[in-house]
Every structure is written in C-alpha cells, then in structure tokens.
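J.: Provided herewith: entry12.txt, compact mmCIF, C-alpha atoms.
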```txt
# COMPACT_ATOMS: atom_id res chain seq x y z
CA MET A 16 -126.19 -55.44 52.48
CA THR A 17 -126.07 -56.30 56.19
CA THR A 18 -123.36 -57.96 58.28
CA GLN A 19 -123.49 -59.58 61.69
CA ASN A 20 -121.88 -62.21 63.88
CA VAL A 21 -123.99 -65.30 64.52
CA THR A 22 -123.59 -68.36 66.74
CA ILE A 23 -123.85 -71.87 65.33
CA PRO A 24 -124.37 -75.02 67.46
CA ALA A 25 -121.59 -77.52 66.77
CA LEU A 26 -122.63 -81.06 65.86
CA LEU A 27 -120.13 -82.44 68.37
CA GLY A 28 -121.14 -80.15 71.24
CA GLY A 29 -120.45 -76.51 72.02
CA SER A 30 -120.94 -73.62 69.62
CA PHE A 31 -118.88 -71.30 67.48
CA SER A 32 -119.20 -67.87 65.94
CA ALA A 33 -119.44 -66.98 62.28
CA TYR A 34 -119.42 -63.79 60.23
CA LEU A 35 -122.55 -63.46 58.08
CA ALA A 36 -122.94 -61.03 55.19
CA ALA A 37 -126.29 -60.89 53.40
CA PRO A 38 -127.60 -58.86 50.46
CA SER A 39 -130.88 -56.99 50.49
CA THR A 40 -132.25 -59.15 47.65
CA GLN A 41 -134.19 -62.30 48.40
CA PRO A 42 -134.61 -65.21 48.12
CA ARG A 43 -130.92 -65.92 47.87
CA ALA A 44 -128.53 -68.82 47.58
CA GLY A 45 -125.74 -69.23 50.10
CA ILE A 46 -121.98 -69.64 50.30
CA VAL A 47 -120.02 -71.18 53.14
CA LEU A 48 -116.77 -69.24 52.88
CA ILE A 49 -113.88 -71.21 54.38
CA GLN A 50 -110.96 -69.43 56.02
CA GLU A 51 -107.27 -69.61 55.23
CA VAL A 52 -104.80 -70.58 57.95
CA LEU A 53 -105.08 -66.94 59.05
CA GLY A 54 -108.54 -67.22 60.61
CA VAL A 55 -111.59 -65.04 59.98
CA ASN A 56 -109.52 -61.95 59.33
CA LYS A 57 -110.18 -58.71 57.48
CA ASN A 58 -109.54 -60.30 54.10
CA MET A 59 -112.05 -63.11 54.69
CA ARG A 60 -114.69 -60.64 55.86
CA GLN A 61 -114.10 -58.44 52.80
CA THR A 62 -114.37 -61.48 50.53
CA ALA A 63 -117.66 -62.35 52.21
CA ASP A 64 -118.91 -58.81 51.66
CA ASP A 65 -117.95 -59.01 47.96
CA TYR A 66 -119.91 -62.22 47.46
CA ALA A 67 -122.86 -60.71 49.34
CA LYS A 68 -122.80 -57.78 46.92
CA ALA A 69 -123.02 -60.39 44.17
CA GLY A 70 -126.32 -61.62 45.62
CA TYR A 71 -125.37 -64.40 48.04
CA SER A 72 -125.80 -64.94 51.75
CA VAL A 73 -122.24 -65.64 52.86
CA ILE A 74 -121.10 -67.14 56.14
CA VAL A 75 -117.52 -67.51 57.40
CA PRO A 76 -117.31 -69.89 60.40
CA ASP A 77 -114.56 -69.61 62.99
CA LEU A 78 -112.95 -73.02 62.53
CA TYR A 79 -110.20 -72.38 65.10
CA TRP A 80 -112.68 -71.94 67.96
CA ARG A 81 -111.55 -75.07 69.79
CA LEU A 82 -107.95 -73.84 69.74
CA GLU A 83 -108.36 -70.08 70.04
CA PRO A 84 -111.56 -68.15 69.25
CA ASP A 85 -111.56 -65.10 66.98
CA VAL A 86 -108.17 -65.57 65.33
CA GLN A 87 -107.42 -62.75 62.86
CA LEU A 88 -103.87 -62.91 61.50
CA ASP A 89 -101.99 -60.71 59.03
CA PRO A 90 -100.08 -62.66 56.34
CA GLU A 91 -97.60 -59.79 55.97
CA ASP A 92 -96.54 -60.03 59.63
CA GLU A 93 -93.86 -62.68 60.09
CA LYS A 94 -94.77 -63.49 63.69
CA GLN A 95 -98.46 -63.77 62.87
CA TRP A 96 -97.68 -66.00 59.88
CA ALA A 97 -95.68 -68.25 62.21
CA ARG A 98 -98.67 -68.33 64.58
CA ALA A 99 -100.86 -69.46 61.68
CA PHE A 100 -98.61 -72.47 61.14
CA GLU A 101 -98.78 -73.31 64.85
CA LEU A 102 -102.57 -73.29 64.66
CA ILE A 103 -102.77 -75.38 61.52
CA GLY A 104 -100.46 -77.90 63.13
CA ALA A 105 -102.94 -78.32 65.98
CA PHE A 106 -106.10 -78.10 63.86
CA ASP A 107 -108.25 -81.24 63.59
CA VAL A 108 -109.49 -81.48 60.02
CA ASP A 109 -112.29 -83.95 60.73
CA SER A 110 -113.76 -81.73 63.45
CA GLY A 111 -113.47 -78.78 61.08
CA VAL A 112 -115.50 -80.61 58.44
CA GLU A 113 -118.17 -81.36 61.05
CA ASP A 114 -118.31 -77.62 61.85
CA LEU A 115 -118.69 -76.90 58.14
CA LYS A 116 -121.58 -79.37 57.96
CA ALA A 117 -123.26 -77.49 60.81
CA THR A 118 -122.63 -74.20 59.00
CA LEU A 119 -124.08 -75.60 55.78
CA SER A 120 -127.23 -76.67 57.60
CA PHE A 121 -127.49 -73.30 59.38
CA LEU A 122 -127.32 -71.37 56.10
CA ARG A 123 -129.78 -73.63 54.29
CA GLN A 124 -132.33 -72.99 57.03
CA TYR A 125 -131.64 -69.25 57.26
CA PRO A 126 -134.60 -66.96 56.43
CA SER A 127 -134.95 -66.18 52.72
CA SER A 128 -132.62 -69.02 51.72
CA THR A 129 -133.35 -70.84 48.47
CA GLY A 130 -131.86 -73.95 50.08
CA LYS A 131 -129.01 -73.94 47.59
CA VAL A 132 -125.64 -73.56 49.34
CA GLY A 133 -122.12 -74.04 48.04
CA SER A 134 -118.66 -73.53 49.49
CA VAL A 135 -115.62 -71.47 48.54
CA GLY A 136 -112.35 -71.98 50.40
CA PHE A 137 -108.79 -70.67 50.29
CA CYS A 138 -105.55 -72.45 51.32
CA LEU A 139 -106.62 -74.55 54.34
CA GLY A 140 -110.13 -73.64 53.22
CA GLY A 141 -109.29 -74.89 49.74
CA LYS A 142 -108.54 -78.31 51.19
CA LEU A 143 -111.74 -78.17 53.22
CA ALA A 144 -113.78 -77.12 50.16
CA TYR A 145 -112.53 -80.29 48.48
CA LEU A 146 -113.62 -82.27 51.56
CA MET A 147 -116.99 -80.50 51.41
CA ALA A 148 -117.31 -82.05 47.95
CA THR A 149 -116.42 -85.52 49.22
CA ARG A 150 -118.15 -85.52 52.62
CA THR A 151 -121.23 -83.26 52.34
CA ASP A 152 -124.12 -82.56 49.98
CA ALA A 153 -123.12 -78.92 49.33
CA ASP A 154 -124.48 -77.97 45.92
CA ALA A 155 -121.19 -76.71 44.44
CA ASN A 156 -117.67 -76.25 45.79
CA VAL A 157 -114.70 -74.06 44.86
CA SER A 158 -111.15 -74.65 46.11
CA TYR A 159 -108.48 -71.97 45.80
CA TYR A 160 -104.91 -73.28 46.14
CA GLY A 161 -106.00 -76.08 48.44
CA VAL A 162 -103.23 -77.82 50.38
CA GLU A 163 -102.83 -81.59 50.83
CA ILE A 164 -105.58 -82.50 48.38
CA ASP A 165 -103.16 -85.02 46.90
CA LYS A 166 -103.23 -86.87 50.24
CA ASN A 167 -107.02 -87.15 50.15
CA LEU A 168 -107.66 -88.40 46.61
CA ALA A 169 -109.03 -91.70 47.90
CA GLU A 170 -112.20 -89.73 48.74
CA ALA A 171 -112.64 -88.45 45.18
CA THR A 172 -115.06 -91.27 44.33
CA LYS A 173 -117.53 -89.69 46.77
CA ILE A 174 -117.80 -86.41 44.84
CA GLN A 175 -121.41 -86.02 43.69
CA LYS A 176 -121.65 -82.26 43.03
CA PRO A 177 -119.57 -79.93 40.82
CA LEU A 178 -116.13 -78.86 42.07
CA ILE A 179 -113.59 -76.32 40.82
CA LEU A 180 -109.93 -76.38 41.81
CA HIS A 181 -107.96 -73.16 41.23
CA MET A 182 -104.26 -74.10 41.36
CA SER A 183 -101.24 -71.77 41.53
CA GLY A 184 -98.53 -72.66 39.04
CA ASN A 185 -95.76 -71.68 41.48
CA ASP A 186 -97.48 -72.72 44.71
CA GLU A 187 -94.82 -72.97 47.41
CA TYR A 188 -97.09 -75.17 49.54
CA VAL A 189 -98.31 -77.54 46.81
CA SER A 190 -95.35 -79.00 44.93
CA PRO A 191 -95.36 -79.68 41.17
CA SER A 192 -95.48 -83.41 41.88
CA ALA A 193 -98.43 -82.95 44.23
CA GLN A 194 -100.21 -80.89 41.58
CA ALA A 195 -99.54 -83.58 38.98
CA THR A 196 -100.93 -86.21 41.35
CA ILE A 197 -104.08 -84.15 41.86
CA GLN A 198 -104.60 -83.60 38.15
CA GLN A 199 -104.04 -87.27 37.34
CA GLY A 200 -106.34 -88.37 40.15
CA LEU A 201 -109.22 -86.11 39.14
CA GLU A 202 -108.90 -85.60 35.39
CA ASP A 203 -111.41 -88.34 34.55
CA ASN A 204 -114.07 -87.04 36.94
CA PRO A 205 -116.67 -85.09 34.92
CA LEU A 206 -117.74 -83.16 38.04
CA VAL A 207 -114.27 -81.66 38.58
CA THR A 208 -112.81 -78.71 36.69
CA ILE A 209 -109.17 -77.75 37.31
CA TYR A 210 -107.77 -74.34 36.40
CA ARG A 211 -104.03 -73.72 36.69
CA TYR A 212 -102.61 -70.20 36.82
CA GLU A 213 -99.03 -70.06 35.61
CA GLY A 214 -96.48 -67.74 37.19
CA VAL A 215 -98.41 -67.06 40.39
CA SER A 216 -97.80 -68.28 43.91
CA HIS A 217 -99.97 -69.45 46.79
CA GLY A 218 -102.42 -66.73 47.85
CA PHE A 219 -102.63 -65.03 44.44
CA SER A 220 -106.26 -64.09 45.14
CA ARG A 221 -105.59 -62.56 48.59
CA VAL A 222 -106.32 -58.88 47.98
CA GLY A 223 -103.92 -56.48 49.70
CA SER A 224 -101.16 -59.02 50.21
CA SER A 225 -97.77 -59.32 48.54
CA ALA A 226 -98.94 -62.57 46.91
CA TYR A 227 -101.88 -60.90 45.14
CA ARG A 228 -101.85 -61.00 41.34
CA GLN A 229 -104.71 -59.02 39.86
CA GLU A 230 -105.01 -60.67 36.44
CA ALA A 231 -105.10 -64.22 37.80
CA ALA A 232 -107.33 -63.23 40.71
CA GLU A 233 -109.89 -61.56 38.46
CA LEU A 234 -109.92 -64.48 36.02
CA ALA A 235 -110.42 -66.97 38.86
CA GLY A 236 -113.06 -64.73 40.39
CA ASP A 237 -115.02 -64.49 37.13
CA ARG A 238 -114.86 -68.26 36.70
CA THR A 239 -116.03 -68.79 40.26
CA LEU A 240 -118.97 -66.42 39.95
CA ALA A 241 -120.10 -68.01 36.67
CA PHE A 242 -119.82 -71.46 38.26
CA LEU A 243 -121.80 -70.42 41.34
CA LYS A 244 -124.49 -68.77 39.24
CA GLN A 245 -124.82 -71.94 37.16
CA HIS A 246 -125.08 -74.33 40.09
CA LEU A 247 -126.67 -72.26 42.86
CA GLY A 248 -129.07 -70.26 40.70
CA SER A 249 -128.45 -66.90 42.33
CA GLY A 250 -128.78 -63.71 40.35
CA VAL A 251 -125.19 -62.53 40.31
CA ILE A 252 -124.18 -58.91 39.89
CA GLN A 253 -120.97 -58.67 37.89
CA GLY A 254 -117.99 -56.98 39.50
CA ALA A 255 -117.55 -58.88 42.74
CA THR A 256 -114.08 -60.26 43.41
CA ALA A 257 -112.83 -63.04 45.58
```
Could I get this file's structure written as structure tokens?
T.:
Amino acid sequence: MTTQNVTIPALLGGSFSAYLAAPSTQPRAGIVLIQEVLGVNKNMRQTADDYAKAGYSVIVPDLYWRLEPDVQLDPEDEKQWARAFELIGAFDVDSGVEDLKATLSFLRQYPSSTGKVGSVGFCLGGKLAYLMATRTDADANVSYYGVEIDKNLAEATKIQKPLILHMSGNDEYVSPSAQATIQQGLEDNPLVTIYRYEGVSHGFSRVGSSAYRQEAAELAGDRTLAFLKQHLGSGVIQGATA
C-alpha cells in the first residue's frame, strides 16, 4: 500500500488537497472517503488506509480548504471539538458537494482505476454521502450517522444508485423524531438500506474515541465492505474496519 497527498482542481476555481491511499493490487475500484466535522485527521487517514488494505483506492478530500486548509481536530479535546462546530457553521454544503464531484472524477480517471467509485462518509460526511447519492452518479454510497438528512429528503427521488444509512440508536445529533422522519421518507425506496444500531451514540465507529463501540462498529464495517464489494466489484480482503 502507498499513501500520498494529491491536489485536485476545484470545479468552481482553485484547488484543494486530498489524502490518497492505494493498494498494490490493480485494477481497483475507488472510494471517496468523506470527513467528519473534524477534518482530514488521523482517524480519517487510518480509515482510508484500512479500506486501501481491503483493495480500494481511497481518497479523502480536504473539504474545509476554503475556510482553513489542513484541519485536523481531536474529538477528545474540548476546545478542538468547539472549533469543529465553528467550522461546520461556516461550511457551505453545496460547494462541498461540488468538491466531492471533482474528487469523484479525479479518482475515476486515476491510473489503474476500474472506473467504479463509491463514497463512504461519517457525521458531516454521512450527510454528504447521502447528497452524493442524490446529486452525483457515484456507484454506491454509505452514510454513517449522517446529520440533517431529514432536512434533505426532498432530494430522495433523485437517488439512482444503492445507498446504505448506518444510524446510531442514541445519536445526540440526530433526534429520534429526525430518525423516524428519515426512515419514513426512505423506507419505500428499494435502493436504500437503513441499519439502526441500538444503544450506541454518534461516532460509534470512530476508532480510538470515547464514542467507539466495537461490536456495532465491526458489524457496520462488515456490512459496508460486503455492500462495496457487491456494487463496486473490488476484490475485498476481509478484516478491514471503518
């Protein structure tokens, strides 16, 4: 496996950096890995490395580049967590989706790519993975504890590729009523699969954090890998975790 930082031209002008992890096997399908509110931090890079070990080319774009390049925040640090909320308050979602479209195109055209590329996102990235399903032609999308999806259900009719939503039963940022709205709004869509993990909070799959819950994280990770293998066609090595 190799890792490097690459530069991607933005569709709206300028350019941004991204962390790219690639396996030695080829050809290979790709994953656009979408950051939490914490930026492209150690956890996101490790998650990218894990998916690369499973046989995918994985790219994590710096979506905060217009606000502050190279943000890497620690969820266990109270001041850094507060900074994450300042950044998300200033973040423009529509511009972020445009950057994800550019990243999707970049990875599809990358050497040794099969052309099949999906997305996996966490928290803010979970919301954006849902919007990847509604606004792009990504081949498959996975949302972990996505926020504010209930406010974007009007776009659900545009979903044309398979989508998984992993939802935390005790998510402090997605209320029970919001979760019910999401489930009711998407339950009749054959392209959408919703998994709910009881007794876990937001961030249950964030390895090394106080929110991490191994059993739920491993179950979600296994479901994600099986889903990606089915829809992206990559030979997946068992044992990678998200």
J.: Mind checking which residues fall within 12 Å of Arg98 in chain A, counting only C-alpha atoms, ignoring those fewer than 3 positions away in the same chain, and posting them as a list of chain:residue names?
T.: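 Residues meeting the cut-off are A:Val52, A:Leu53, A:Gly54, A:Leu82, A:Glu83, A:Val86, A:Gln87, A:Leu88, A:Asp89, A:Pro90, A:Asp92, A:Glu93, A:Lys94, A:Gln95, A:Glu101, A:Leu102, A:Ile103, A:Gly104, A:Ala105.
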J.: Which distance in Å separates CA of Ala193 in chain A and CA of Pro76 in chain A, to one decimal?
T.: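 Between these atoms lies a distance of 28.1 Å.
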J.: Can you work out the spacing between CA of Leu35 in chain A and CA of Thr22 in chain A in Å, to one decimal?
T.: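 Atom-to-atom, CA of Leu35 in chain A and CA of Thr22 in chain A are spaced 10.0 Å apart.
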J.: Identify which of the residues A:Ser110, A:Ser127, A:Thr239, A:Ser32 lies closest to Asn156 in chain A, counting only C-alpha atoms when measuring atom-to-atom distances.
T.: A:Thr239
J.: Tell me, as a PyMOL selection string, which residues lie within 12 Å of Ala195 in chain A, counting all atoms listed in the file; anything in the same chain fewer than 6 positions away does not count.
T.: chain A and resi 164-165+182+184+189+201-202+209+211
J.: Tell me, as a PyMOL selection string, which residues lie within 8 Å of range 168-176 of chain A, counting only C-alpha atoms; anything in the same chain fewer than 3 positions away does not count.
T.: chain A and resi 148-150+152-156+164-165+197+200-201+206
J.: Tell me which of A:Cys138, A:Leu247, A:Ala144, A:Val157 sits closest to Ser183 in chain A, counting all atoms listed in the file.
T.: A:Cys138
J.: Using only C-alpha atoms, pick whichever of A:Ile179, A:Gly133, A:Gly70, A:Ala232 has the shortest atom-to-atom distance to Gln198 in chain A.
T.: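 Result for the nearest residue to Gln198 in chain A: A:Ile179.
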J.: Tell me which of A:Ala63, A:Ala33, A:Ala99, A:Phe121 sits closest to Trp80 in chain A, counting all atoms listed in the file.
T.: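 The closest residue to Trp80 in chain A is A:Ala33.
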J.: Quote the spacing between CA of Tyr71 in chain A and CA of Ala36 in chain A in Å to one decimal place.
T.: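 So the answer is 8.3 Å.
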J.: Show which residues sit within 12 Å of Arg228 in chain A, as a list in words. Count all atoms listed in the file, and ignore same-chain residues fewer than 6 positions away.
T.: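 Once the adjacent positions are removed, what remains is Ser183, Tyr212, Glu213, Gly214, Val215, Ser216, His217, Gly218, Phe219, Ser220, Arg221, Val222, Leu234, Ala235, Gly236 and Ala257 of chain A.
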J.: Just checking: using only C-alpha atoms, which residue out of A:Asp77, A:Glu91, A:Glu233, A:Asp85 ends up closest to Ala117 in chain A?
T.: A:Asp77
J.: Looking at all atoms listed in the file, which of A:Thr17, A:Gln41, A:Gln50, A:Gln124 is the one that sits closest to Asp65 in chain A?
T.: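 Result for the nearest residue to Asp65 in chain A: A:Thr17.
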J.: Need to verify the contact set: Ser128 in chain A, 9 Å, all atoms listed in the file, exclusion of same-chain residues closer than 5 positions in sequence. Can you return it as JSON, numbers by chain?
T.: {"A": [41, 42, 43, 44, 45, 72, 122, 123]}
J.: Those same residues, written as an mmCIF file, in the frame of the given file with C-alpha atoms?
T.:
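Okay, out-v6.cif is ready:
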```cif
data_model
loop_
_atom_site.group_PDB
_atom_site.id
_atom_site.type_symbol
_atom_site.label_atom_id
_atom_site.label_comp_id
_atom_site.auth_asym_id
_atom_site.auth_seq_id
_atom_site.Cartn_x
_atom_site.Cartn_y
_atom_site.Cartn_z
ATOM 1 C CA GLN A 41 -134.190 -62.300 48.400
ATOM 2 C CA PRO A 42 -134.610 -65.210 48.120
ATOM 3 C CA ARG A 43 -130.920 -65.920 47.870
ATOM 4 C CA ALA A 44 -128.530 -68.820 47.580
ATOM 5 C CA GLY A 45 -125.740 -69.230 50.100
ATOM 6 C CA SER A 72 -125.800 -64.940 51.750
ATOM 7 C CA LEU A 122 -127.320 -71.370 56.100
ATOM 8 C CA ARG A 123 -129.780 -73.630 54.290
#
```
J.: What does range 80-97 of chain A look like written to a file with N, CA, C and O atoms, as a compact mmCIF listing (two decimals), in the first residue's frame?
T.:
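See result_6.txt below for the written result:
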```
# COMPACT_ATOMS: atom_id res chain seq x y z
N TRP A 80 -11.10 23.50 2.89
CA TRP A 80 -9.98 24.28 2.35
C TRP A 80 -10.32 25.74 2.12
O TRP A 80 -9.45 26.60 2.23
N ARG A 81 -11.56 26.05 1.85
CA ARG A 81 -11.94 27.46 1.67
C ARG A 81 -11.95 28.22 2.99
O ARG A 81 -11.80 29.44 3.02
N LEU A 82 -12.16 27.50 4.08
CA LEU A 82 -12.22 28.11 5.41
C LEU A 82 -10.86 28.11 6.10
O LEU A 82 -10.40 29.12 6.63
N GLU A 83 -10.24 26.94 6.09
CA GLU A 83 -8.94 26.74 6.74
C GLU A 83 -8.34 25.43 6.25
O GLU A 83 -8.84 24.36 6.59
N PRO A 84 -7.28 25.48 5.43
CA PRO A 84 -6.70 24.25 4.90
C PRO A 84 -6.10 23.37 6.00
O PRO A 84 -5.65 23.87 7.03
N ASP A 85 -6.10 22.07 5.76
CA ASP A 85 -5.41 21.09 6.59
C ASP A 85 -5.90 21.06 8.03
O ASP A 85 -5.11 20.97 8.97
N VAL A 86 -7.20 21.11 8.23
CA VAL A 86 -7.77 20.99 9.57
C VAL A 86 -7.66 19.54 10.03
O VAL A 86 -8.05 18.62 9.31
N GLN A 87 -7.14 19.34 11.24
CA GLN A 87 -7.03 18.00 11.84
C GLN A 87 -7.35 18.13 13.32
O GLN A 87 -6.48 18.47 14.12
N LEU A 88 -8.59 17.85 13.69
CA LEU A 88 -9.04 18.07 15.06
C LEU A 88 -9.23 16.76 15.81
O LEU A 88 -9.52 15.72 15.24
N ASP A 89 -9.06 16.84 17.14
CA ASP A 89 -9.17 15.71 18.03
C ASP A 89 -10.53 15.77 18.74
O ASP A 89 -10.81 16.73 19.47
N PRO A 90 -11.40 14.76 18.56
CA PRO A 90 -12.73 14.81 19.16
C PRO A 90 -12.70 14.73 20.68
O PRO A 90 -13.69 15.06 21.34
N GLU A 91 -11.58 14.29 21.25
CA GLU A 91 -11.48 14.17 22.71
C GLU A 91 -11.00 15.46 23.37
O GLU A 91 -10.96 15.55 24.59
N ASP A 92 -10.64 16.45 22.55
CA ASP A 92 -10.19 17.75 23.06
C ASP A 92 -11.36 18.73 22.98
O ASP A 92 -11.85 19.04 21.89
N GLU A 93 -11.80 19.24 24.10
CA GLU A 93 -12.99 20.08 24.15
C GLU A 93 -12.87 21.33 23.29
O GLU A 93 -13.81 21.72 22.59
N LYS A 94 -11.70 21.98 23.31
CA LYS A 94 -11.51 23.19 22.52
C LYS A 94 -11.52 22.87 21.02
O LYS A 94 -12.07 23.63 20.22
N GLN A 95 -10.91 21.75 20.66
CA GLN A 95 -10.89 21.37 19.25
C GLN A 95 -12.29 20.96 18.77
O GLN A 95 -12.66 21.22 17.63
N TRP A 96 -13.05 20.33 19.64
CA TRP A 96 -14.43 19.96 19.29
C TRP A 96 -15.26 21.22 19.06
O TRP A 96 -16.05 21.29 18.12
N ALA A 97 -15.03 22.24 19.91
CA ALA A 97 -15.73 23.51 19.73
C ALA A 97 -15.34 24.16 18.40
O ALA A 97 -16.18 24.76 17.72
```
